[in-house]
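Visitor: Okay, here's the structure, questions in a sec.
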Amino acid sequence: MTEPRADAGAGIAHDDRPAHDAIGSDASAVTFAGRTFCVTGRFETLRRTQVEREIRRRGGSTIEHVRGTLDYLVVGGASSTGWKFGGYGAKLARARQLREKGAPLEILTEAQFRAALAAVPELDDGA
């Protein structure tokens with residue numbers, strides 16, 4: 001049996017995702033300056049390049065792969081059917097493994113990320 005494609009089921013509501021993956025803290029507590037972010041999934045309101053630009057505008061940096069130095073994994077809200085049926089993308093699976101080993105990385109939903117953007121002013125143009 002094949003795994004569902006990562007972009008399948010884009011219309012599934014974010015409420016179908018496992019809530020235990022996202023941080024429970026207030027999204028306004030997200031720190032951008034000097035922090036490392038990784039972005040995964042499809043976003044309902046922004047393109048991935050825009051998400052990464054907004055991170056840089058607030059003093060953060062982005063990387064392509066989940067590793068031990070990561071501070072935040074930002075997960076797009078237009079998720080795949082894999083979320084609904086327990087299948088996770090590679091980035092989320094790796095982030096969960098690192099968290100289980102004690103890494104302090106946090107997983108942000110798209111809604112939490114948008115709230116953090118609203119709470120933290122831009123520092124520069126994100127170029």
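Convention: chains lettered A, B, ... in structure tokens order; per-chain residue numbering from 1; ligands numbered from 1 as shown.
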Need the shell around Gly34 (chain A): protein/DNA/RNA residues with any atom at most 10 Å away, counting only C-alpha atoms. Skip same-chain ones fewer than 3 positions apart. Format as a VMD selection string?
Guide: chain A and resid 31 37 56 58 to 61 71
Visitor: How about saving the chosen residues, all heavy atoms kept, as a short mmCIF file (atom, residue, chain, number, x, y, z; two decimals), in the first residue's frame?
Guide:
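Resulting contents of out-v6.cif:
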```cif
data_model
loop_
_atom_site.label_atom_id
_atom_site.label_comp_id
_atom_site.auth_asym_id
_atom_site.auth_seq_id
_atom_site.Cartn_x
_atom_site.Cartn_y
_atom_site.Cartn_z
N THR A 31 9.80 33.71 19.92
CA THR A 31 10.93 34.60 19.71
C THR A 31 11.48 34.38 18.32
O THR A 31 11.80 33.24 17.96
CB THR A 31 12.03 34.32 20.75
OG1 THR A 31 11.49 34.48 22.05
CG2 THR A 31 13.22 35.24 20.56
N PHE A 37 14.16 28.52 12.22
CA PHE A 37 12.85 27.98 11.86
C PHE A 37 12.98 27.05 10.66
O PHE A 37 13.83 27.26 9.79
CB PHE A 37 11.91 29.12 11.45
CG PHE A 37 11.50 30.02 12.57
CD1 PHE A 37 12.38 30.95 13.09
CD2 PHE A 37 10.21 29.97 13.09
CE1 PHE A 37 12.00 31.81 14.11
CE2 PHE A 37 9.82 30.82 14.11
CZ PHE A 37 10.72 31.74 14.62
N ARG A 56 12.49 36.06 8.48
CA ARG A 56 13.72 36.87 8.35
C ARG A 56 13.46 38.33 8.70
O ARG A 56 14.33 38.98 9.29
CB ARG A 56 14.29 36.74 6.94
CG ARG A 56 14.89 35.36 6.67
CD ARG A 56 15.67 35.33 5.36
NE ARG A 56 14.86 35.73 4.21
CZ ARG A 56 14.09 34.92 3.49
NH1 ARG A 56 14.02 33.63 3.80
NH2 ARG A 56 13.41 35.38 2.45
N ARG A 58 11.80 39.45 10.95
CA ARG A 58 11.75 39.57 12.42
C ARG A 58 13.03 39.06 13.08
O ARG A 58 13.07 38.87 14.28
CB ARG A 58 10.52 38.83 12.94
CG ARG A 58 9.25 39.59 12.60
CD ARG A 58 8.01 38.72 12.65
NE ARG A 58 6.82 39.54 12.39
CZ ARG A 58 6.41 39.90 11.16
NH1 ARG A 58 7.09 39.51 10.09
NH2 ARG A 58 5.32 40.63 11.00
N GLY A 59 14.06 38.84 12.28
CA GLY A 59 15.37 38.50 12.83
C GLY A 59 15.66 37.02 12.95
O GLY A 59 16.71 36.64 13.47
N GLY A 60 14.78 36.17 12.46
CA GLY A 60 15.01 34.73 12.50
C GLY A 60 15.69 34.24 11.23
O GLY A 60 15.87 34.99 10.27
N SER A 61 16.08 32.99 11.24
CA SER A 61 16.66 32.37 10.05
C SER A 61 15.90 31.09 9.75
O SER A 61 15.21 30.54 10.62
CB SER A 61 18.15 32.08 10.26
OG SER A 61 18.32 31.15 11.30
N ASP A 71 14.83 25.64 16.39
CA ASP A 71 14.02 26.17 17.48
C ASP A 71 12.53 25.96 17.23
O ASP A 71 11.79 25.63 18.14
CB ASP A 71 14.30 27.67 17.66
CG ASP A 71 15.73 27.92 18.11
OD1 ASP A 71 16.10 27.43 19.19
OD2 ASP A 71 16.47 28.60 17.38
#
```
Visitor: May I ask which of the residues A:Arg35, A:Arg42, A:Arg53, A:Arg48 is the closest one to Gly89 (chain A), counting only C-alpha atoms?
Guide: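 Result for the nearest residue to Gly89 (chain A): A:Arg42.
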Visitor: So that I can check the secondary structure, give me every residue of region 27-86 of chain A assigned strand (DSSP E or B) by backbone DSSP, as a PDB file with C-alpha atoms, in the first residue's frame.
Guide:
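Produced file out_36.pdb, reproduced below:
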```pdb
ATOM      1  CA  THR A  36      16.065  29.005  13.623  1.00  0.00           C
ATOM      2  CA  PHE A  37      12.853  27.981  11.861  1.00  0.00           C
ATOM      3  CA  CYS A  38      11.946  25.217   9.448  1.00  0.00           C
ATOM      4  CA  VAL A  39       8.753  25.382   7.399  1.00  0.00           C
ATOM      5  CA  THR A  40       6.672  22.416   6.253  1.00  0.00           C
ATOM      6  CA  ARG A  42       1.054  23.941   2.587  1.00  0.00           C
ATOM      7  CA  SER A  61      16.661  32.372  10.050  1.00  0.00           C
ATOM      8  CA  THR A  62      15.322  29.394   8.124  1.00  0.00           C
ATOM      9  CA  ILE A  63      16.744  25.980   7.328  1.00  0.00           C
ATOM     10  CA  TYR A  72      10.644  26.093  15.643  1.00  0.00           C
ATOM     11  CA  LEU A  73       8.935  23.913  13.068  1.00  0.00           C
ATOM     12  CA  VAL A  74       6.092  25.847  11.400  1.00  0.00           C
ATOM     13  CA  VAL A  75       3.405  23.561   9.988  1.00  0.00           C
ATOM     14  CA  ALA A  78      -3.618  23.139   4.532  1.00  0.00           C
ATOM     15  CA  SER A  79      -2.548  19.685   5.632  1.00  0.00           C
TER      16      SER A  79
END
```
Visitor: So what do you get for CA of Glu64 (chain A) versus CA of Ala119 (chain A), distance-wise?
Guide: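 Those two atoms sit 24.9 Å apart.
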Visitor: Which is closest to Glu44 (chain A) among A:Ala111, A:Val66, A:Leu105, A:Ala93, if we use only C-alpha atoms?
Guide: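 Distance minimum relative to Glu44 (chain A) lands on A:Ala111.
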Visitor: Between A:Arg47, A:Gly77, A:Ala116, A:Arg94, which one has atoms that come closest to His65 (chain A), using only C-alpha atoms?
Guide: A:Arg94
Visitor: Which residues are close to Gly68 (chain A), i.e. within 7 Å by only C-alpha atoms, leaving aside same-chain residues fewer than 2 positions away? Reply as a PyMOL selection string.
Guide: chain A and resi 70+98+103
Visitor: Record the distance separating CA of Lys91 (chain A) and CA of Gly76 (chain A), expressed in Å with one decimal.
Guide: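 Distance reported for this atom pair: 12.0 Å.
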